[in-house]
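**Q** File follows, query06.txt with compact mmCIF, C-alpha atoms:
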```txt
# COMPACT_ATOMS: atom_id res chain seq x y z
CA MET A 1 -10.51 -19.18 -4.88
CA ASP A 2 -10.40 -16.90 -1.85
CA ALA A 3 -7.51 -14.45 -1.49
CA LEU A 4 -5.02 -15.61 1.11
CA SER A 5 -3.08 -13.78 3.79
CA PRO A 6 0.68 -14.40 4.15
CA SER A 7 -0.16 -17.04 6.76
CA GLY A 8 -2.26 -18.93 4.22
CA GLU A 9 -5.61 -18.04 5.78
CA ALA A 10 -8.43 -16.78 3.58
CA LEU A 11 -8.78 -13.00 3.79
CA SER A 12 -12.09 -11.79 5.20
CA PRO A 13 -13.50 -8.72 6.94
CA HIS A 14 -12.80 -10.56 10.19
CA THR A 15 -9.08 -10.59 9.26
CA VAL A 16 -9.08 -6.80 9.36
CA VAL A 17 -11.24 -6.48 12.48
CA ALA A 18 -8.97 -8.88 14.36
CA ALA A 19 -5.90 -6.96 13.18
CA ALA A 20 -7.50 -3.67 14.25
CA GLN A 21 -8.27 -5.05 17.71
CA ALA A 22 -4.82 -6.59 18.13
CA GLY A 23 -3.06 -3.56 16.66
CA LEU A 24 -4.88 -1.14 18.93
CA ALA A 25 -3.98 -3.23 21.98
CA ALA A 26 -0.35 -3.52 20.86
CA ILE A 27 0.01 0.23 20.25
CA ARG A 28 -1.42 1.00 23.68
CA ALA A 29 0.85 -1.57 25.34
CA ARG A 30 4.11 -0.94 23.45
CA ARG A 31 3.74 2.81 22.78
CA PRO A 32 5.71 2.77 19.50
CA ARG A 33 7.46 5.99 18.54
CA ILE A 34 6.54 7.26 15.08
CA HIS A 35 8.83 9.82 13.51
CA CYS A 36 6.82 12.25 11.42
CA ILE A 37 8.17 14.40 8.63
CA THR A 38 4.92 16.14 8.00
CA ASN A 39 3.01 19.23 6.98
CA SER A 40 3.95 22.13 9.25
CA VAL A 41 0.28 23.06 9.76
CA ALA A 42 -0.46 19.49 10.85
CA GLN A 43 2.25 18.78 13.40
CA ALA A 44 0.37 19.54 16.61
CA TYR A 45 -2.82 17.69 15.65
CA THR A 46 -0.83 14.74 14.30
CA ALA A 47 1.12 14.50 17.55
CA ASN A 48 -2.08 14.63 19.60
CA ALA A 49 -3.71 11.95 17.45
CA LEU A 50 -0.73 9.63 17.92
CA LEU A 51 -0.83 10.21 21.66
CA ALA A 52 -4.58 9.55 21.71
CA ILE A 53 -4.16 6.18 20.00
CA GLY A 54 -1.31 5.27 22.38
CA ALA A 55 1.79 5.98 20.28
CA ILE A 56 4.58 8.51 20.83
CA PRO A 57 5.33 11.20 18.22
CA SER A 58 8.65 12.74 17.27
CA MET A 59 8.89 15.50 14.67
CA THR A 60 12.39 16.91 14.18
CA THR A 61 13.65 17.66 10.66
CA SER A 62 17.08 18.85 11.76
CA PRO A 63 19.70 17.51 9.32
CA ASP A 64 22.01 16.77 12.26
CA GLU A 65 19.40 14.69 14.08
CA ILE A 66 17.19 13.08 11.46
CA ALA A 67 19.21 9.88 10.97
CA ALA A 68 19.26 9.16 14.70
CA PHE A 69 15.57 9.93 15.18
CA ALA A 70 14.32 8.03 12.11
CA GLY A 71 16.63 5.07 12.62
CA SER A 72 15.60 4.58 16.24
CA ALA A 73 11.86 5.11 15.71
CA ASP A 74 9.42 2.24 15.28
CA GLY A 75 8.05 3.73 12.05
CA LEU A 76 8.55 6.71 9.74
CA LEU A 77 5.96 8.94 8.09
CA VAL A 78 7.05 10.97 5.06
CA ASN A 79 4.36 13.55 4.27
CA LEU A 80 5.07 16.02 1.46
CA GLY A 81 2.52 18.63 2.55
CA THR A 82 4.98 21.51 3.01
CA LEU A 83 7.91 20.42 0.86
CA GLU A 84 10.57 23.08 1.40
CA PRO A 85 13.75 22.70 -0.71
CA GLU A 86 15.97 21.85 2.28
CA LEU A 87 13.57 19.09 3.33
CA ARG A 88 14.39 16.89 0.34
CA ALA A 89 17.80 15.85 1.62
CA VAL A 90 16.36 15.35 5.11
CA ILE A 91 13.71 13.00 3.70
CA ALA A 92 16.33 10.97 1.84
CA THR A 93 18.42 10.61 5.00
CA ALA A 94 15.37 9.62 7.05
CA ILE A 95 14.38 6.93 4.55
CA ASP A 96 17.93 5.56 4.54
CA ALA A 97 17.91 5.37 8.33
CA ALA A 98 14.48 3.77 8.64
CA ALA A 99 15.12 1.25 5.87
CA GLY A 100 18.54 0.43 7.29
CA ALA A 101 16.95 -0.31 10.65
CA GLY A 102 14.24 -2.46 9.07
CA ARG A 103 11.46 -0.08 10.08
CA PRO A 104 8.25 0.44 8.08
CA TRP A 105 7.79 3.78 6.37
CA LEU A 106 4.77 5.38 4.77
CA LEU A 107 4.73 7.89 1.91
CA ASP A 108 1.90 10.44 1.89
CA PRO A 109 2.42 12.35 -1.41
CA VAL A 110 0.22 15.32 -0.57
CA PHE A 111 -0.78 17.57 -3.51
CA VAL A 112 1.51 15.88 -6.06
CA ASP A 113 -1.32 16.49 -8.51
CA ARG A 114 -0.77 20.26 -8.10
CA SER A 115 2.99 20.54 -8.69
CA PRO A 116 5.12 18.76 -11.33
CA PRO A 117 8.36 19.20 -9.32
CA ARG A 118 6.66 17.74 -6.26
CA ALA A 119 5.34 14.82 -8.32
CA ALA A 120 8.82 14.15 -9.73
CA PHE A 121 10.34 14.09 -6.24
CA ALA A 122 7.55 11.84 -4.99
CA ARG A 123 8.27 9.39 -7.82
CA GLU A 124 11.94 9.34 -6.83
CA ILE A 125 11.21 8.38 -3.25
CA ALA A 126 8.37 6.03 -4.19
CA ALA A 127 10.95 4.08 -6.20
CA ARG A 128 12.61 3.34 -2.86
CA ARG A 129 9.67 1.07 -2.07
CA PRO A 130 7.82 2.51 0.91
CA THR A 131 5.92 -0.01 2.98
CA VAL A 132 2.72 1.87 2.15
CA ILE A 133 1.72 4.71 -0.15
CA ARG A 134 -1.37 6.51 1.15
CA ALA A 135 -3.01 9.09 -1.12
CA ASN A 136 -6.25 10.17 -2.73
CA ALA A 137 -7.17 9.16 -6.28
CA ALA A 138 -5.90 12.38 -7.86
CA GLU A 139 -2.55 12.04 -6.10
CA ILE A 140 -2.18 8.41 -7.21
CA GLY A 141 -2.96 9.49 -10.77
CA ALA A 142 -0.21 12.11 -10.67
CA LEU A 143 2.27 9.82 -8.94
CA ALA A 144 1.79 7.02 -11.46
CA PRO A 145 0.14 8.33 -14.65
CA GLY A 146 -1.71 5.63 -16.52
CA GLU A 147 -1.42 3.13 -13.68
CA GLY A 148 -4.15 2.13 -11.29
CA PRO A 149 -3.45 1.53 -7.60
CA ALA A 150 -3.06 -2.23 -8.04
CA ALA A 151 -0.56 -1.84 -10.89
CA LEU A 152 1.44 0.69 -8.86
CA ALA A 153 1.46 -1.61 -5.84
CA ALA A 154 2.55 -4.59 -7.92
CA ARG A 155 5.33 -2.66 -9.69
CA LEU A 156 6.82 -1.28 -6.48
CA GLY A 157 6.11 -4.27 -4.26
CA THR A 158 4.27 -2.02 -1.83
CA VAL A 159 0.77 -1.50 -0.45
CA VAL A 160 -1.30 1.34 -1.90
CA ALA A 161 -4.14 2.90 0.10
CA VAL A 162 -6.51 5.17 -1.81
CA THR A 163 -8.55 7.36 0.51
CA GLY A 164 -11.96 8.70 -0.39
CA GLU A 165 -15.64 8.20 0.35
CA ALA A 166 -14.74 4.52 0.66
CA ASP A 167 -11.07 3.75 1.28
CA ARG A 168 -9.38 1.01 -0.74
CA VAL A 169 -6.20 -0.89 0.05
CA THR A 170 -4.35 -3.20 -2.35
CA ASP A 171 -1.07 -5.05 -2.61
CA GLY A 172 -1.52 -5.47 -6.36
CA ALA A 173 -3.36 -8.78 -6.27
CA LYS A 174 -5.94 -8.50 -3.51
CA GLY A 175 -7.34 -5.86 -1.24
CA PHE A 176 -10.01 -4.41 1.01
CA ALA A 177 -12.55 -1.60 0.87
CA ILE A 178 -13.37 0.22 4.10
CA ALA A 179 -16.62 2.18 4.25
CA ASN A 180 -16.23 3.79 7.67
CA GLY A 181 -15.89 7.55 8.05
CA HIS A 182 -17.85 10.80 8.27
CA PRO A 183 -18.01 13.97 6.10
CA LEU A 184 -16.73 16.12 8.98
CA MET A 185 -13.37 14.39 8.63
CA ALA A 186 -12.82 16.36 5.41
CA ARG A 187 -13.47 19.68 7.17
CA VAL A 188 -10.67 19.53 9.75
CA THR A 189 -7.11 20.34 8.75
CA ALA A 190 -4.49 17.65 9.46
CA MET A 191 -7.03 14.82 9.56
CA GLY A 192 -5.33 13.04 6.66
CA CYS A 193 -1.86 13.71 8.02
CA ALA A 194 -2.85 12.34 11.42
CA GLY A 195 -4.42 9.33 9.73
CA ALA A 196 -1.19 8.59 7.87
CA ALA A 197 0.75 8.78 11.14
CA ILE A 198 -1.67 6.40 12.86
CA THR A 199 -1.44 4.03 9.91
CA THR A 200 2.33 4.04 10.39
CA ALA A 201 1.79 3.15 14.05
CA PHE A 202 -0.29 0.14 13.00
CA LEU A 203 2.45 -0.89 10.56
CA SER A 204 4.94 -0.84 13.42
CA VAL A 205 3.25 -3.49 15.57
CA GLY A 206 3.47 -6.54 13.40
CA ALA A 207 0.48 -7.28 11.14
CA PRO A 208 1.16 -7.73 7.39
CA PRO A 209 1.22 -4.28 5.76
CA MET A 210 -1.98 -4.59 3.72
CA VAL A 211 -3.99 -5.90 6.66
CA ALA A 212 -2.43 -3.38 9.06
CA THR A 213 -3.29 -0.53 6.68
CA ALA A 214 -6.88 -1.66 6.30
CA ALA A 215 -7.13 -2.06 10.07
CA ALA A 216 -5.88 1.49 10.62
CA LEU A 217 -8.35 2.90 8.10
CA ALA A 218 -11.20 1.09 9.84
CA VAL A 219 -10.11 2.53 13.20
CA LEU A 220 -9.79 6.04 11.77
CA GLY A 221 -13.15 5.93 10.03
CA LEU A 222 -14.99 4.45 12.98
CA ALA A 223 -13.50 7.05 15.31
CA GLY A 224 -14.85 9.70 12.94
CA GLU A 225 -18.33 8.22 13.13
CA VAL A 226 -18.20 8.10 16.93
CA ALA A 227 -16.92 11.68 17.17
CA ALA A 228 -19.64 12.99 14.86
CA ARG A 229 -22.36 11.79 17.24
CA THR A 230 -21.47 14.48 19.77
CA ALA A 231 -19.91 17.18 17.57
CA SER A 232 -21.79 20.32 16.60
CA GLY A 233 -19.36 21.26 13.82
CA PRO A 234 -15.74 20.95 12.67
CA GLY A 235 -14.24 22.60 15.76
CA SER A 236 -15.87 20.35 18.32
CA PHE A 237 -15.38 17.39 15.97
CA ALA A 238 -11.59 17.82 16.01
CA ILE A 239 -11.57 17.46 19.80
CA ALA A 240 -14.17 14.69 19.87
CA TYR A 241 -12.11 12.74 17.34
CA LEU A 242 -9.11 12.62 19.67
CA ASP A 243 -11.37 11.44 22.48
CA ALA A 244 -12.86 8.77 20.21
CA LEU A 245 -9.41 7.44 19.30
CA ASP A 246 -8.55 7.24 22.98
CA ALA A 247 -11.79 5.48 23.93
CA LEU A 248 -12.19 3.06 21.01
CA THR A 249 -12.80 -0.52 22.17
CA PRO A 250 -12.48 -3.96 20.59
CA ASP A 251 -16.25 -4.41 20.81
CA ALA A 252 -16.85 -1.13 18.97
CA LEU A 253 -14.57 -2.33 16.17
CA ALA A 254 -16.34 -5.68 15.96
CA ASP A 255 -19.74 -4.01 15.82
CA GLY A 256 -18.94 -0.99 13.66
CA ALA A 257 -16.23 -1.80 11.11
CA ARG A 258 -17.59 -1.98 7.54
CA ILE A 259 -15.10 -3.89 5.41
CA LYS A 260 -15.31 -5.72 2.10
CA VAL A 261 -12.74 -8.01 0.48
CA LEU A 262 -11.92 -6.83 -3.04
CA THR A 263 -11.56 -9.16 -5.99
CA PRO A 264 -8.47 -8.68 -8.22
CA GLY A 265 -10.59 -6.64 -10.63
CA ASP A 266 -11.98 -4.45 -7.85
CA ALA A 267 -8.49 -3.84 -6.42
CA SER A 268 -7.24 -2.28 -9.66
```
As structure tokens - that is how I would like this structure written.

**A**
Amino acid sequence: MDALSPSGEALSPHTVVAAAQAGLAAIRARRPRIHCITNSVAQAYTANALLAIGAIPSMTTSPDEIAAFAGSADGLLVNLGTLEPELRAVIATAIDAAAGAGRPWLLDPVFVDRSPPRAAFAREIAARRPTVIRANAAEIGALAPGEGPAALAARLGTVVAVTGEADRVTDGAKGFAIANGHPLMARVTAMGCAGAAITTAFLSVGAPPMVATAAALAVLGLAGEVAARTASGPGSFAIAYLDALDALTPDALADGARIKVLTPGDAS
């Protein structure tokens, strides 16, 4: 039996392409504001990437302002890249505000495989059921030892996106693999942080979380492929990538997205 979307339709690569096209149009039309608690070395590039896709960034981590900013945003990104001690309470307040307002939020548990205290904190906030957890395989392994992505997604009732040479997205029972991307994406700082922010923007415009996440990953990977055609190295690639996000078209997504539906066994 085919996996079904929440609407009862069979999931297919076309499901994701259509969501990517609709999501891109909605972001450009609505200009959702995404509040980013993110790596300090990534803030400027993340903000520029959100602007390039059509969204609006906000970045404050002031304890006096965070509830108002996160609660009034259209989506919240929690990235643990530079996890200073005072940021922990700010993150908790931001999650409370976003969840209380019914906004999607994404957890990006950067480098939890390198620091036991960071991993413990990430587990605490993951237990608050983020809309999406986006991480690489090593980070997922540290966040949930002994669990695969599908088991983690099922236990928390969330969507788990595992980034790598081919990205995978699962809700615990079904999923997608996205093969778009380019090696230069791994040679530019903040590329993952910006990708998590753009994924949050896609979550904010209405598609079911698993489909929206897969759609965002297809957009991000395809933009990388387009940017690499004109780049001479990582420096020019970083600029070309912003231009590619800005210029991406529905036809380019239809022609270039490489997506596979995962079986339950594949999704684990």

**Q** Compile the contact shell of range 151-155 of chain A as a VMD selection string: residues with an atom at most 12 Å away, counting only C-alpha atoms, same-chain residues fewer than 2 positions apart removed.

**A** chain A and resid 123 126 to 134 140 to 149 157 to 162 169 to 175 209 to 210 264 to 265 267 to 268

**Q** With distances taken over all atoms listed in the file, which residue among A:Asp246, A:Glu225, A:Asp167, A:Asp96 lies nearest Ile27 in chain A?

**A**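 Of A:Asp246, A:Glu225, A:Asp167, A:Asp96, the one nearest Ile27 in chain A is A:Asp246, counting all atoms listed in the file.
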
**Q** Skipping near chain neighbours, those fewer than 2 positions away, what residues fall within 8 Å of Val41 in chain A using all atoms listed in the file, listed as a count of residues only?

**A** 5

**Q** Go through A:Thr263, A:Thr38, A:Thr15, A:Thr93 one by one, measure the shortest atom-to-atom distance of each to Ala150 in chain A using all atoms listed in the file, and give the residue with the smallest value.

**A**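 Going through A:Thr263, A:Thr38, A:Thr15, A:Thr93 one by one, the smallest distance to Ala150 in chain A is for A:Thr263.
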
**Q** At a cut-off of 6 Å, using only C-alpha atoms, what residues contact range 62-68 of chain A? Leave out same-chain residues fewer than 5 positions from it and give the result as a PDB file with C-alpha atoms, in the frame of the given file.

**A**
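Written file, result02.pdb:
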```pdb
ATOM      1  CA  VAL A  90      16.360  15.350   5.110  1.00  0.00           C
ATOM      2  CA  ALA A  94      15.370   9.620   7.050  1.00  0.00           C
ATOM      3  CA  ALA A  97      17.910   5.370   8.330  1.00  0.00           C
TER       4      ALA A  97
END
```

**Q** Would you compute the distance between CA of Arg103 in chain A and CA of Ile178 in chain A? Give it in Å to one decimal.

**A**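 Between CA of Arg103 in chain A and CA of Ile178 in chain A the gap works out to 25.5 Å.
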
**Q** Which of these, A:Thr61, A:Thr199, A:Lys260, A:Thr46, has the shortest distance to Glu86 in chain A once you count only C-alpha atoms?

**A**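 Between A:Thr61, A:Thr199, A:Lys260, A:Thr46, the residue approaching Glu86 in chain A most closely is A:Thr61.
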
**Q** What is the CA of Leu106 in chain A to CA of Gly181 in chain A distance in Å?

**A** 21.0 Å

**Q** Out of A:Leu87, A:Val226, A:Ala231, A:Val110, which residue has the shortest atom-to-atom distance to Leu248 in chain A when counting all atoms listed in the file?

**A**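 Under the stated criterion, the closest residue is A:Val226.
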
**Q** Please determine, counting only C-alpha atoms, which residue among A:Pro104, A:Pro234, A:Asn136, A:Ser204 has the shortest atom-to-atom distance to His182 in chain A.

**A**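 Closest to His182 in chain A of all the choices is A:Pro234.
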
**Q** Closest to Gly71 in chain A among A:Ala99, A:Ala186, A:Ile91, A:Ala49, using only C-alpha atoms?

**A** A:Ala99

**Q** For Ala254 in chain A, list every protein, DNA or RNA residue within 9 Å, evaluated using only C-alpha atoms, and leave out those in the same chain fewer than 6 positions away; present the list as a PyMOL selection string.

**A** chain A and resi 14+17-18+21

**Q** Between CA of Pro109 in chain A and CA of Asp243 in chain A, what is the distance, to one decimal in Å?

**A** 27.6 Å

**Q** Select, counting all atoms listed in the file, all protein, DNA and RNA residues no farther than 8 Å from (2.4, 7.3, 9.7) in file coordinates, and express the selection as a PDB file with C-alpha atoms, in the frame of the given file.

**A**
```pdb
ATOM      1  CA  ILE A  34       6.540   7.260  15.080  1.00  0.00           C
ATOM      2  CA  HIS A  35       8.830   9.820  13.510  1.00  0.00           C
ATOM      3  CA  CYS A  36       6.820  12.250  11.420  1.00  0.00           C
ATOM      4  CA  GLY A  75       8.050   3.730  12.050  1.00  0.00           C
ATOM      5  CA  LEU A  76       8.550   6.710   9.740  1.00  0.00           C
ATOM      6  CA  LEU A  77       5.960   8.940   8.090  1.00  0.00           C
ATOM      7  CA  VAL A  78       7.050  10.970   5.060  1.00  0.00           C
ATOM      8  CA  TRP A 105       7.790   3.780   6.370  1.00  0.00           C
ATOM      9  CA  LEU A 106       4.770   5.380   4.770  1.00  0.00           C
ATOM     10  CA  CYS A 193      -1.860  13.710   8.020  1.00  0.00           C
ATOM     11  CA  ALA A 194      -2.850  12.340  11.420  1.00  0.00           C
ATOM     12  CA  GLY A 195      -4.420   9.330   9.730  1.00  0.00           C
ATOM     13  CA  ALA A 196      -1.190   8.590   7.870  1.00  0.00           C
ATOM     14  CA  ALA A 197       0.750   8.780  11.140  1.00  0.00           C
ATOM     15  CA  ILE A 198      -1.670   6.400  12.860  1.00  0.00           C
ATOM     16  CA  THR A 199      -1.440   4.030   9.910  1.00  0.00           C
ATOM     17  CA  THR A 200       2.330   4.040  10.390  1.00  0.00           C
ATOM     18  CA  ALA A 201       1.790   3.150  14.050  1.00  0.00           C
TER      19      ALA A 201
END
```

**Q** Please return as an NGL selection string every residue within 10 Å of (4.8, 1.9, 20.1), taking into account only C-alpha atoms and the file's own coordinates.

**A** :A and (26-34 or 50 or 53-57 or 73-75 or 201-202 or 204-205)

**Q** Keeping only C-alpha atoms, write those residues as an mmCIF file, in the frame of the given file.

**A**
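Here's the written file out-v3.cif:
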```cif
data_model
loop_
_atom_site.group_PDB
_atom_site.id
_atom_site.type_symbol
_atom_site.label_atom_id
_atom_site.label_comp_id
_atom_site.auth_asym_id
_atom_site.auth_seq_id
_atom_site.Cartn_x
_atom_site.Cartn_y
_atom_site.Cartn_z
ATOM 1 C CA ALA A 26 -0.350 -3.520 20.860
ATOM 2 C CA ILE A 27 0.010 0.230 20.250
ATOM 3 C CA ARG A 28 -1.420 1.000 23.680
ATOM 4 C CA ALA A 29 0.850 -1.570 25.340
ATOM 5 C CA ARG A 30 4.110 -0.940 23.450
ATOM 6 C CA ARG A 31 3.740 2.810 22.780
ATOM 7 C CA PRO A 32 5.710 2.770 19.500
ATOM 8 C CA ARG A 33 7.460 5.990 18.540
ATOM 9 C CA ILE A 34 6.540 7.260 15.080
ATOM 10 C CA LEU A 50 -0.730 9.630 17.920
ATOM 11 C CA ILE A 53 -4.160 6.180 20.000
ATOM 12 C CA GLY A 54 -1.310 5.270 22.380
ATOM 13 C CA ALA A 55 1.790 5.980 20.280
ATOM 14 C CA ILE A 56 4.580 8.510 20.830
ATOM 15 C CA PRO A 57 5.330 11.200 18.220
ATOM 16 C CA ALA A 73 11.860 5.110 15.710
ATOM 17 C CA ASP A 74 9.420 2.240 15.280
ATOM 18 C CA GLY A 75 8.050 3.730 12.050
ATOM 19 C CA ALA A 201 1.790 3.150 14.050
ATOM 20 C CA PHE A 202 -0.290 0.140 13.000
ATOM 21 C CA SER A 204 4.940 -0.840 13.420
ATOM 22 C CA VAL A 205 3.250 -3.490 15.570
#
```

**Q** Around all of range 64-70 of chain A's listed atoms, make the axis-aligned box with 4 Å on each side and tell me centre and edge lengths in Å to one decimal, as lines of an AutoDock Vina configuration file.

**A**
```
center_x = 18.2
center_y = 12.4
center_z = 13.1
size_x = 15.7
size_y = 16.7
size_z = 12.2
```
